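Read through the structure below, which is laid out as structure tokens, and then see the notes.
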Amino acid sequence: MKTPLLYQLDKANLDRVLSRWNQTIPVYVPSGKGKDISLLPMVDFPRTDNYINLTLPVKEFFFEQKEPLFRWDREGSDTKVENLSRQHAGERILYGVRACDTYGIGYTDHFFLREFEDTNYASRRDKVYIVAVNCLKAGPHCFCTSVGTGVFSTIGHDLALTELEGFYLVESATAKGQQLIEAAADFFVPVSDEFAGDVSPGILLELKEQLRQKVADSFPLKMDLTNLHADMAVTFDAPFWLDEANACIGCTGCTNVCPTCTCFNVVEENRDQDHGMRVRYWDSCQSDHFTRNAEFHNPRNALSRTRYRVYDKLKYIEERFGYKGCSGCGRCTDVCPTYISIIDIIHSIQKAAKEAPETPAIHQITEMRHEIFDREINVRNGLFTPDVATITKIELETPEIKRIYVKYDDPALHKSFKLNGQFFQITVFGQGEVPISIPFGPEESDEFDFCFKNVGTVSNILYHLKVGDKVGLRGPYGRPFPYEPLKGRNLVFIGSGVAMAPLRTILVQVVNNLQDFGKVVIMASALQYDKVIYKSELRDWAELEGVEVHYALKDPTDQVKAHQGYINDLLPGLELDWSNTTALVCASPKRIKEVSRDLLALGMKPTDILTTLETHMRCGAGKCGHCKVGSHYMCVDGPVFTYEEMMALPPEY
């Protein structure tokens with residue numbers, strides 16, 4: 001933030017300034033009594049100065065509790081999609097925002113506007129002016145001084161007011177702040193080195209600092225969090241977490257009032273079978289459905305949900321984004337009906353850390369690179385609005401796995417498409433969206449094919465669509481398997497059932513350029529042969545010089561030569577130089593770990609084992625939070641990880 005411009009505003013003129021602003025832009029002011037304080041239009045509600053904080057954080061003005069993403073309409077054989085990301089209330093001035101909330105704004109600006117820009121957030125945020133009023137008193141659960149986010153606003157505001165003797169010191173931090181100053185210029189007295197009055201800028205800033213220190217000293221809650229990250233690394237499995245989890249009733253109040261909570265879910269709202277809309281609404285990592293995958297597998301139980309929220313606020317967000325994940329507002333403690341206190345939890349972490357004998361290696365939540373890839377994705381109408389495509393062909397790969405071929409309705413999208421990702425988000429209009437791995441190579445740019453299993457609500461509807469039906473495509477998303485680093489090495493592709501699909505993206509590139517690689521081994525496993533996908537291609541690849549194809553089936557038949565049992569059993573007989581081999585493994589996390597342990601025993605390095613970790617990915621762009629594991633989003637930092645990286649993730653995966 002640039003050095004702010006300073007002004008003085010006589011306290012008697014504050015209401016005049018607010019009224020002046022309100023003539024052109026609606027002004028929202030704190031209104032209410034006691035703890036029930038909301039930002040409301042000043043023309044309808046009286047303003048109060050008697051408040052510690054707002055009941056809800058101001059993020060609701062630009063990350064709305066419920067907001068539309070796009071509308072779709074089916075007209076005969078055509079489907080039209082309209083982006084709704086810019087449907088908002090227009091310009092607003094929010095007056096009286098406290099430092100804990102402006103810090104939250106600074107974080108959410110970074111979160112929603114970096115990497116993939118969230119167009120819904122961006123369009124609303126651009127229209128909102130933030131006028132902070134610095135705190136002079138602490139609430140019973142305020143601890144912003146301990147986390148370093150207060151007591152006076154430092155980021156996220158356009159103007160910041162500090163009440164001194166008889167006047168406000170006004171700091172203008174942005175161009176939008178200057179617009180507000182200029183709109184009521186006759187009330188603001190500029191402070192500069194040439195100012196002819198009795199008070200210089202240095203004296204005013206010194207008075208402000210003295211007041212800030214006095215207010216900070218008055219805060220009753222003070223904690224030394226210097227070693228908190230190290231303490232959390234050794235208390236991941238501390239016994240007190242079970243007590244906290246048993247107390248939680250899953251009401252999600254804590255996340256609803258948090259200035260830095262950004263998670264959301266998406267649902268369909270259909271007027272009828274030919275017209276509908278997709279909306280998003282605030283969601284919570286404390287809901288039991290939050291990480292539930294297809295077939296009802298859920299990697300996060302009640303204990304890990306409770307623990308995750310605290311680790312995310314106090315560790316993961318800071319590791320991932322460099323911002324404090326907790327602003328110290330204390331709202332989560334205020335609203336909890338069972339009196340769960342993040343402050344008490346911090347004390348429990350620090351106490352348990354002193355008693356911890358040593359750091360369990362598996363629970364070292366280690367740092368991992370956060371690499372931002374230059375991905376060219378087809379986003380024309382907003383980050384969450386799909387482009388329409390038509391199903392051109394359908395093949396039955398197995399009794400429960402289909403392969404559908406699709407083409408964009410707009411040919412220009414094919415021409416601009418570049419394959420640099422690992423999955424697409426596929427929309428069934430009126431039903432929802434599902435992430436499906438990319439099985440096709442980069443040369444297949446005119447028609448895409450996807451293999452998927454009929455296991456979930458949306459995939460079930462997709463499974464029964466017909467040629468000519470319309471779907472929506474967003475993507476590609478995710479970190480793909482590397483290609484260049486594999487050259488000159490032996491390669492072992494290991495896929496279980498439909499898990500061969502994400503491997504095929506890199507596999508087709510390899511088999512088309514076999515001269516660049518050593519020995520190539522393809523290993524497919526399934527319950528029976530009829531559940532193996534890409535049967536004809538596997539037969540063709542087996543005929544290529546330098547390529548071996550092996551099958552491991554639970555119930556083999558005479559259809560193909562296969563080992564009865566697990567793929568692991570076949571690994572020792574491959575006769576490979578394991579020090580010059582890369583394995584690409586796609587299966588359940590349990591099977592990945594079992595196969596990887598055997599590969600390590602053969603002499604492989606964990607960095608030479610590549611996995612793809614797919615979970616509940618709702619947005620594909622690292623925004624909704626459903627696929628976050630530790631400080632990583634599976635859809636952005638993955639889903640391709642090395643085995644070393646996988647084992648550095650929290651053990652809930």
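Each chain in the structure tokens gets a letter, A, B and so on, in the order shown; residues start at 1 in every chain, and ligands are counted from 1 in the order they appear.
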
Backbone-only DSSP, strand (DSSP E or B) members of region 28-202 of chain A, as a PyMOL selection string: chain A and resi 28-33+36-41+66-75+78-83+92-97+128-133+159-163+167-172+188-191

The selected residues should be written to file as a PDB file, in the first residue's frame (atoms: C-alpha atoms).
```pdb
ATOM      1  CA  TYR A  28     -24.334   1.945   4.557  1.00  0.00           C
ATOM      2  CA  VAL A  29     -23.704   2.732   8.216  1.00  0.00           C
ATOM      3  CA  PRO A  30     -23.578   0.708  11.453  1.00  0.00           C
ATOM      4  CA  SER A  31     -27.052   0.471  12.919  1.00  0.00           C
ATOM      5  CA  GLY A  32     -28.597  -1.488  15.786  1.00  0.00           C
ATOM      6  CA  LYS A  33     -28.026  -2.065  19.480  1.00  0.00           C
ATOM      7  CA  ASP A  36     -26.829  -6.794  16.866  1.00  0.00           C
ATOM      8  CA  ILE A  37     -25.045  -4.306  14.623  1.00  0.00           C
ATOM      9  CA  SER A  38     -25.454  -4.373  10.858  1.00  0.00           C
ATOM     10  CA  LEU A  39     -24.449  -2.162   7.961  1.00  0.00           C
ATOM     11  CA  LEU A  40     -27.733  -0.708   6.691  1.00  0.00           C
ATOM     12  CA  PRO A  41     -28.712   2.125   4.297  1.00  0.00           C
ATOM     13  CA  LYS A  66     -26.255 -16.531  -2.363  1.00  0.00           C
ATOM     14  CA  GLU A  67     -25.637 -15.316  -5.876  1.00  0.00           C
ATOM     15  CA  PRO A  68     -26.359 -16.438  -9.453  1.00  0.00           C
ATOM     16  CA  LEU A  69     -23.621 -17.757 -11.704  1.00  0.00           C
ATOM     17  CA  PHE A  70     -25.381 -18.340 -15.019  1.00  0.00           C
ATOM     18  CA  ARG A  71     -28.768 -18.946 -16.591  1.00  0.00           C
ATOM     19  CA  TRP A  72     -29.475 -21.601 -19.195  1.00  0.00           C
ATOM     20  CA  ASP A  73     -32.400 -21.936 -21.591  1.00  0.00           C
ATOM     21  CA  ARG A  74     -33.178 -24.836 -23.884  1.00  0.00           C
ATOM     22  CA  GLU A  75     -34.844 -23.821 -27.140  1.00  0.00           C
ATOM     23  CA  ASP A  78     -30.230 -25.530 -28.897  1.00  0.00           C
ATOM     24  CA  THR A  79     -29.110 -24.544 -25.392  1.00  0.00           C
ATOM     25  CA  LYS A  80     -28.214 -20.932 -24.607  1.00  0.00           C
ATOM     26  CA  VAL A  81     -26.118 -19.880 -21.605  1.00  0.00           C
ATOM     27  CA  GLU A  82     -26.066 -16.392 -20.108  1.00  0.00           C
ATOM     28  CA  ASN A  83     -23.361 -15.345 -17.673  1.00  0.00           C
ATOM     29  CA  ARG A  92     -22.073   1.227  -2.277  1.00  0.00           C
ATOM     30  CA  ILE A  93     -20.072   2.954   0.436  1.00  0.00           C
ATOM     31  CA  LEU A  94     -19.537   0.909   3.583  1.00  0.00           C
ATOM     32  CA  TYR A  95     -18.801   3.168   6.547  1.00  0.00           C
ATOM     33  CA  GLY A  96     -17.593   2.083   9.978  1.00  0.00           C
ATOM     34  CA  VAL A  97     -15.709  -1.107   9.066  1.00  0.00           C
ATOM     35  CA  VAL A 128     -17.736  -1.064  -3.126  1.00  0.00           C
ATOM     36  CA  TYR A 129     -15.937   1.708  -1.213  1.00  0.00           C
ATOM     37  CA  ILE A 130     -14.568   0.797   2.215  1.00  0.00           C
ATOM     38  CA  VAL A 131     -14.374   3.463   4.936  1.00  0.00           C
ATOM     39  CA  ALA A 132     -12.700   2.037   8.026  1.00  0.00           C
ATOM     40  CA  VAL A 133     -13.184   3.508  11.496  1.00  0.00           C
ATOM     41  CA  LEU A 159     -10.317   5.579   3.692  1.00  0.00           C
ATOM     42  CA  ALA A 160      -9.386   5.026   7.339  1.00  0.00           C
ATOM     43  CA  LEU A 161     -10.666   7.316  10.104  1.00  0.00           C
ATOM     44  CA  THR A 162      -9.004   7.601  13.501  1.00  0.00           C
ATOM     45  CA  GLU A 163     -10.823   9.624  16.169  1.00  0.00           C
ATOM     46  CA  PHE A 167     -11.505  15.586  14.800  1.00  0.00           C
ATOM     47  CA  TYR A 168     -10.801  12.519  12.687  1.00  0.00           C
ATOM     48  CA  LEU A 169      -7.457  11.871  11.112  1.00  0.00           C
ATOM     49  CA  VAL A 170      -8.415  10.623   7.652  1.00  0.00           C
ATOM     50  CA  GLU A 171      -6.000   8.501   5.614  1.00  0.00           C
ATOM     51  CA  SER A 172      -6.718   8.040   1.929  1.00  0.00           C
ATOM     52  CA  PHE A 188     -11.609  17.695   4.409  1.00  0.00           C
ATOM     53  CA  VAL A 189      -8.563  19.776   5.343  1.00  0.00           C
ATOM     54  CA  PRO A 190      -5.409  18.398   3.700  1.00  0.00           C
ATOM     55  CA  VAL A 191      -2.394  17.811   5.922  1.00  0.00           C
TER      56      VAL A 191
END
```

Best match for closeness to Thr615 (chain A) among A:Asn293, A:Asn256, A:Thr581, A:Gln564, counting only C-alpha atoms: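 Of the candidates, the smallest distance to Thr615 (chain A) is held by A:Asn293.
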
Work out how far apart CA of Asp158 (chain A) and CA of Ala173 (chain A) are and give it in Å to one decimal. 5.2 Å

If DSSP is run on the backbone, what residues of region 406-502 of chain A are helix (DSSP H, G or I)? A reply as a VMD selection string would be ideal. chain A and resid 411 to 415 457 to 463 484 to 486 497 to 502

Output C-alpha atoms for every residue in the selection just made, as an mmCIF file, in the first residue's frame.
```
data_model
loop_
_atom_site.group_PDB
_atom_site.id
_atom_site.type_symbol
_atom_site.label_atom_id
_atom_site.label_comp_id
_atom_site.auth_asym_id
_atom_site.auth_seq_id
_atom_site.Cartn_x
_atom_site.Cartn_y
_atom_site.Cartn_z
ATOM 1 C CA PRO A 411 -15.899 -23.897 -33.519
ATOM 2 C CA ALA A 412 -13.699 -20.965 -32.468
ATOM 3 C CA LEU A 413 -13.251 -22.590 -29.084
ATOM 4 C CA HIS A 414 -11.655 -25.632 -30.693
ATOM 5 C CA LYS A 415 -9.221 -23.478 -32.629
ATOM 6 C CA THR A 457 -26.029 -38.063 -9.082
ATOM 7 C CA VAL A 458 -24.751 -36.008 -12.012
ATOM 8 C CA SER A 459 -22.745 -38.803 -13.641
ATOM 9 C CA ASN A 460 -25.891 -40.966 -13.546
ATOM 10 C CA ILE A 461 -27.793 -38.392 -15.623
ATOM 11 C CA LEU A 462 -24.801 -37.899 -17.912
ATOM 12 C CA TYR A 463 -24.627 -41.664 -18.383
ATOM 13 C CA GLU A 484 9.556 -33.539 -21.037
ATOM 14 C CA PRO A 485 11.034 -34.827 -17.712
ATOM 15 C CA LEU A 486 9.952 -38.363 -18.682
ATOM 16 C CA GLY A 497 -10.557 -49.519 -13.634
ATOM 17 C CA VAL A 498 -11.669 -46.093 -14.840
ATOM 18 C CA ALA A 499 -8.438 -44.716 -13.362
ATOM 19 C CA MET A 500 -6.755 -45.545 -16.693
ATOM 20 C CA ALA A 501 -8.527 -42.493 -18.154
ATOM 21 C CA PRO A 502 -6.329 -39.745 -16.631
#
```

Tell me which protein, DNA and RNA residues are within 12 Å of Thr291 (chain A), counting only C-alpha atoms, leaving out same-chain ones fewer than 2 positions away, and put them as a PyMOL selection string. chain A and resi 263+265+283-289+293-294+296-302+304-305+308+614-618+624-629+652-653

Keeping only N, CA and C atoms, write the selected residues as a tab-separated table (two decimals), in the first residue's frame.
```tsv
chain	number	residue	atom	x	y	z
A	263	CYS	N	-15.46	-20.47	1.41
A	263	CYS	CA	-15.98	-21.69	0.79
A	263	CYS	C	-17.41	-21.52	0.31
A	265	ASN	N	-20.71	-23.67	-2.19
A	265	ASN	CA	-21.21	-24.80	-2.96
A	265	ASN	C	-22.05	-24.26	-4.10
A	283	ASP	N	-20.79	-22.10	1.90
A	283	ASP	CA	-20.73	-23.46	2.42
A	283	ASP	C	-19.70	-23.48	3.55
A	284	SER	N	-19.62	-24.58	4.24
A	284	SER	CA	-18.76	-24.65	5.41
A	284	SER	C	-18.01	-25.97	5.48
A	285	CYS	N	-16.72	-25.89	5.78
A	285	CYS	CA	-15.92	-27.10	5.98
A	285	CYS	C	-16.37	-27.87	7.21
A	286	GLN	N	-17.26	-27.28	8.02
A	286	GLN	CA	-17.78	-27.95	9.20
A	286	GLN	C	-19.04	-28.77	8.91
A	287	SER	N	-19.52	-28.73	7.67
A	287	SER	CA	-20.65	-29.56	7.27
A	287	SER	C	-20.17	-30.96	6.92
A	288	ASP	N	-20.93	-31.97	7.30
A	288	ASP	CA	-20.46	-33.34	7.05
A	288	ASP	C	-20.46	-33.70	5.58
A	289	HIS	N	-21.19	-32.93	4.74
A	289	HIS	CA	-21.22	-33.23	3.31
A	289	HIS	C	-20.05	-32.60	2.56
A	293	ASN	N	-17.51	-37.57	-1.30
A	293	ASN	CA	-17.34	-37.86	-2.73
A	293	ASN	C	-18.47	-38.76	-3.22
A	294	ALA	N	-18.39	-39.10	-4.51
A	294	ALA	CA	-19.34	-40.06	-5.07
A	294	ALA	C	-19.22	-41.38	-4.32
A	296	PHE	N	-20.39	-41.91	-1.60
A	296	PHE	CA	-20.48	-41.57	-0.18
A	296	PHE	C	-19.17	-41.77	0.59
A	297	HIS	N	-18.05	-41.89	-0.13
A	297	HIS	CA	-16.76	-41.90	0.56
A	297	HIS	C	-16.48	-40.50	1.09
A	298	ASN	N	-16.09	-40.41	2.36
A	298	ASN	CA	-15.81	-39.11	2.97
A	298	ASN	C	-14.49	-39.20	3.74
A	299	PRO	N	-13.43	-38.53	3.27
A	299	PRO	CA	-12.13	-38.65	3.94
A	299	PRO	C	-12.03	-37.88	5.25
A	300	ARG	N	-13.03	-37.04	5.54
A	300	ARG	CA	-12.92	-36.18	6.73
A	300	ARG	C	-14.07	-36.49	7.68
A	301	ASN	N	-13.73	-37.01	8.86
A	301	ASN	CA	-14.75	-37.29	9.88
A	301	ASN	C	-14.94	-36.08	10.78
A	302	ALA	N	-15.75	-36.23	11.83
A	302	ALA	CA	-16.06	-35.10	12.70
A	302	ALA	C	-14.81	-34.52	13.36
A	304	SER	N	-11.62	-34.66	12.27
A	304	SER	CA	-10.76	-33.98	11.31
A	304	SER	C	-11.40	-32.69	10.79
A	305	ARG	N	-12.75	-32.63	10.74
A	305	ARG	CA	-13.40	-31.38	10.35
A	305	ARG	C	-13.12	-30.28	11.36
A	308	TYR	N	-9.49	-29.34	11.13
A	308	TYR	CA	-9.15	-28.67	9.88
A	308	TYR	C	-9.44	-27.18	9.94
A	614	GLU	N	-7.60	-37.30	-6.88
A	614	GLU	CA	-8.86	-36.63	-7.20
A	614	GLU	C	-9.82	-36.78	-6.03
A	615	THR	N	-10.50	-35.68	-5.73
A	615	THR	CA	-11.45	-35.69	-4.62
A	615	THR	C	-12.63	-34.80	-4.99
A	616	HIS	N	-13.31	-34.26	-4.00
A	616	HIS	CA	-14.54	-33.50	-4.22
A	616	HIS	C	-14.19	-32.12	-4.77
A	617	MET	N	-14.06	-32.01	-6.11
A	617	MET	CA	-13.70	-30.74	-6.75
A	617	MET	C	-14.96	-30.11	-7.35
A	618	ARG	N	-15.37	-28.98	-6.79
A	618	ARG	CA	-16.62	-28.36	-7.21
A	618	ARG	C	-16.43	-27.23	-8.22
A	624	CYS	N	-13.69	-22.85	-4.28
A	624	CYS	CA	-14.80	-23.33	-3.45
A	624	CYS	C	-14.33	-23.98	-2.16
A	625	GLY	N	-13.10	-24.49	-2.13
A	625	GLY	CA	-12.53	-25.04	-0.90
A	625	GLY	C	-12.79	-26.51	-0.65
A	626	HIS	N	-13.65	-27.15	-1.43
A	626	HIS	CA	-14.02	-28.54	-1.14
A	626	HIS	C	-12.86	-29.52	-1.28
A	627	CYS	N	-11.93	-29.24	-2.17
A	627	CYS	CA	-10.84	-30.19	-2.41
A	627	CYS	C	-9.56	-29.78	-1.70
A	628	LYS	N	-9.64	-28.84	-0.78
A	628	LYS	CA	-8.42	-28.39	-0.09
A	628	LYS	C	-7.99	-29.44	0.93
A	629	VAL	N	-6.74	-29.84	0.84
A	629	VAL	CA	-6.13	-30.77	1.79
A	629	VAL	C	-4.89	-30.08	2.33
A	652	GLU	N	-5.17	-37.23	6.57
A	652	GLU	CA	-6.58	-37.52	6.29
A	652	GLU	C	-6.76	-37.99	4.86
A	653	TYR	N	-5.79	-37.69	3.96
A	653	TYR	CA	-5.96	-38.12	2.57
A	653	TYR	C	-5.54	-39.57	2.44
```

Please identify all polymer residues within 12 Å of region 597-608 of chain A, counting only C-alpha atoms, omitting same-chain residues fewer than 2 positions from it, and present them as number ranges by chain. A: 481-482, 485-486, 489-492, 494, 566-585, 590-595, 610-611, 640-648

Let's have the selection written as a JSON list (two decimals), in the first residue's frame, with C-alpha atoms.
```
[["chain", "number", "residue", "atom", "x", "y", "z"],
["A", 481, "PHE", "CA", 1.40, -35.14, -15.81],
["A", 482, "PRO", "CA", 4.75, -33.79, -17.04],
["A", 485, "PRO", "CA", 11.03, -34.83, -17.71],
["A", 486, "LEU", "CA", 9.95, -38.36, -18.68],
["A", 489, "ARG", "CA", 13.35, -43.00, -18.77],
["A", 490, "ASN", "CA", 11.51, -46.28, -18.38],
["A", 491, "LEU", "CA", 7.83, -45.67, -17.72],
["A", 492, "VAL", "CA", 5.34, -47.78, -15.78],
["A", 494, "ILE", "CA", -0.54, -48.32, -13.42],
["A", 566, "TYR", "CA", -2.92, -57.35, -7.44],
["A", 567, "ILE", "CA", -0.67, -55.38, -9.78],
["A", 568, "ASN", "CA", 1.91, -55.23, -6.99],
["A", 569, "ASP", "CA", 2.65, -58.92, -7.50],
["A", 570, "LEU", "CA", 3.87, -58.27, -11.04],
["A", 571, "LEU", "CA", 6.29, -55.44, -10.27],
["A", 572, "PRO", "CA", 9.40, -57.49, -9.33],
["A", 573, "GLY", "CA", 9.28, -59.42, -12.60],
["A", 574, "LEU", "CA", 9.38, -56.37, -14.88],
["A", 575, "GLU", "CA", 13.21, -56.43, -15.03],
["A", 576, "LEU", "CA", 13.59, -52.65, -15.06],
["A", 577, "ASP", "CA", 16.38, -50.37, -13.98],
["A", 578, "TRP", "CA", 14.28, -48.87, -11.21],
["A", 579, "SER", "CA", 16.74, -46.02, -10.67],
["A", 580, "ASN", "CA", 15.87, -44.78, -14.18],
["A", 581, "THR", "CA", 12.14, -45.48, -14.01],
["A", 582, "THR", "CA", 9.13, -43.22, -13.47],
["A", 583, "ALA", "CA", 5.84, -44.75, -12.34],
["A", 584, "LEU", "CA", 2.52, -43.05, -13.06],
["A", 585, "VAL", "CA", -0.12, -44.43, -10.70],
["A", 590, "LYS", "CA", -5.17, -46.60, -0.35],
["A", 591, "ARG", "CA", -4.06, -48.50, -3.47],
["A", 592, "ILE", "CA", -1.63, -45.73, -4.45],
["A", 593, "LYS", "CA", 0.10, -46.08, -1.09],
["A", 594, "GLU", "CA", 0.23, -49.87, -1.32],
["A", 595, "VAL", "CA", 1.70, -49.85, -4.84],
["A", 610, "LEU", "CA", 3.61, -39.66, -9.96],
["A", 611, "THR", "CA", 0.05, -39.89, -8.68],
["A", 640, "VAL", "CA", -0.88, -34.66, -10.10],
["A", 641, "PHE", "CA", 1.58, -34.95, -7.22],
["A", 642, "THR", "CA", 4.72, -36.92, -6.61],
["A", 643, "TYR", "CA", 4.45, -39.61, -3.95],
["A", 644, "GLU", "CA", 6.77, -37.51, -1.78],
["A", 645, "GLU", "CA", 4.33, -34.60, -2.05],
["A", 646, "MET", "CA", 1.37, -36.87, -1.40],
["A", 647, "MET", "CA", 2.91, -38.11, 1.84],
["A", 648, "ALA", "CA", 3.58, -34.52, 2.93]]
```

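Proximity of A:Leu503, A:Cys251, A:Ser536, A:Ala542 to Val520 (chain A), computed with only C-alpha atoms, is greatest for A:Ala542.
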
Could I get the residues of region 423-528 of chain A with an atom no further than 8 Å from an atom of region 387-404 of chain A, each paired with its nearest atom pair and that distance in Å to one decimal, using only C-alpha atoms, sorted by chain and residue number, as JSON lines?
```
{"residue": "A:Asp449", "atom": "CA", "partner": "A:Ile404", "partner_atom": "CA", "distance": 5.4}
{"residue": "A:Phe450", "atom": "CA", "partner": "A:Arg403", "partner_atom": "CA", "distance": 5.4}
{"residue": "A:Cys451", "atom": "CA", "partner": "A:Arg403", "partner_atom": "CA", "distance": 4.4}
{"residue": "A:Phe452", "atom": "CA", "partner": "A:Ile401", "partner_atom": "CA", "distance": 5.5}
{"residue": "A:Lys453", "atom": "CA", "partner": "A:Ile401", "partner_atom": "CA", "distance": 4.5}
{"residue": "A:Asn454", "atom": "CA", "partner": "A:Glu400", "partner_atom": "CA", "distance": 5.9}
{"residue": "A:Tyr463", "atom": "CA", "partner": "A:Lys402", "partner_atom": "CA", "distance": 6.8}
{"residue": "A:Lys466", "atom": "CA", "partner": "A:Ile391", "partner_atom": "CA", "distance": 7.2}
{"residue": "A:Val467", "atom": "CA", "partner": "A:Ile391", "partner_atom": "CA", "distance": 5.1}
{"residue": "A:Gly468", "atom": "CA", "partner": "A:Ile391", "partner_atom": "CA", "distance": 5.2}
{"residue": "A:Asp469", "atom": "CA", "partner": "A:Ile391", "partner_atom": "CA", "distance": 5.7}
{"residue": "A:Lys470", "atom": "CA", "partner": "A:Thr390", "partner_atom": "CA", "distance": 4.7}
{"residue": "A:Val471", "atom": "CA", "partner": "A:Ala389", "partner_atom": "CA", "distance": 5.4}
{"residue": "A:Gly472", "atom": "CA", "partner": "A:Val388", "partner_atom": "CA", "distance": 4.6}
{"residue": "A:Leu473", "atom": "CA", "partner": "A:Asp387", "partner_atom": "CA", "distance": 5.3}
{"residue": "A:Arg474", "atom": "CA", "partner": "A:Asp387", "partner_atom": "CA", "distance": 6.7}
{"residue": "A:Val498", "atom": "CA", "partner": "A:Ile401", "partner_atom": "CA", "distance": 7.4}
```

C-alpha atoms of the current selection, written as a PDB file, in the first residue's frame:
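Saved result, selection_21.pdb, follows:
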```pdb
ATOM      1  CA  ASP A 449     -13.821 -37.844 -25.424  1.00  0.00           C
ATOM      2  CA  PHE A 450     -14.375 -38.585 -21.753  1.00  0.00           C
ATOM      3  CA  CYS A 451     -14.597 -41.871 -19.886  1.00  0.00           C
ATOM      4  CA  PHE A 452     -16.627 -41.930 -16.696  1.00  0.00           C
ATOM      5  CA  LYS A 453     -18.291 -44.352 -14.329  1.00  0.00           C
ATOM      6  CA  ASN A 454     -21.947 -44.165 -13.338  1.00  0.00           C
ATOM      7  CA  TYR A 463     -24.627 -41.664 -18.383  1.00  0.00           C
ATOM      8  CA  LYS A 466     -27.973 -39.437 -25.973  1.00  0.00           C
ATOM      9  CA  VAL A 467     -26.176 -38.306 -29.097  1.00  0.00           C
ATOM     10  CA  GLY A 468     -27.254 -34.736 -29.872  1.00  0.00           C
ATOM     11  CA  ASP A 469     -27.815 -33.786 -26.236  1.00  0.00           C
ATOM     12  CA  LYS A 470     -26.091 -30.675 -24.923  1.00  0.00           C
ATOM     13  CA  VAL A 471     -23.575 -30.444 -22.100  1.00  0.00           C
ATOM     14  CA  GLY A 472     -21.425 -27.608 -20.733  1.00  0.00           C
ATOM     15  CA  LEU A 473     -17.623 -27.606 -20.615  1.00  0.00           C
ATOM     16  CA  ARG A 474     -15.257 -25.658 -18.378  1.00  0.00           C
ATOM     17  CA  VAL A 498     -11.669 -46.093 -14.840  1.00  0.00           C
TER      18      VAL A 498
END
```

Between A:Phe448, A:Phe424, A:Tyr311, A:Tyr483, single out the one closest to Lys407 (chain A), counting only C-alpha atoms. A:Phe448

So what do you get for CA of Asn53 (chain A) versus CA of Asn227 (chain A), distance-wise?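 Computing it gives 28.8 Å between the two atoms.
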
Nearest to Lys127 (chain A) among A:Leu14, A:Ala89, A:Val310, A:Leu383, with distances taken over only C-alpha atoms: which residue is it? A:Ala89
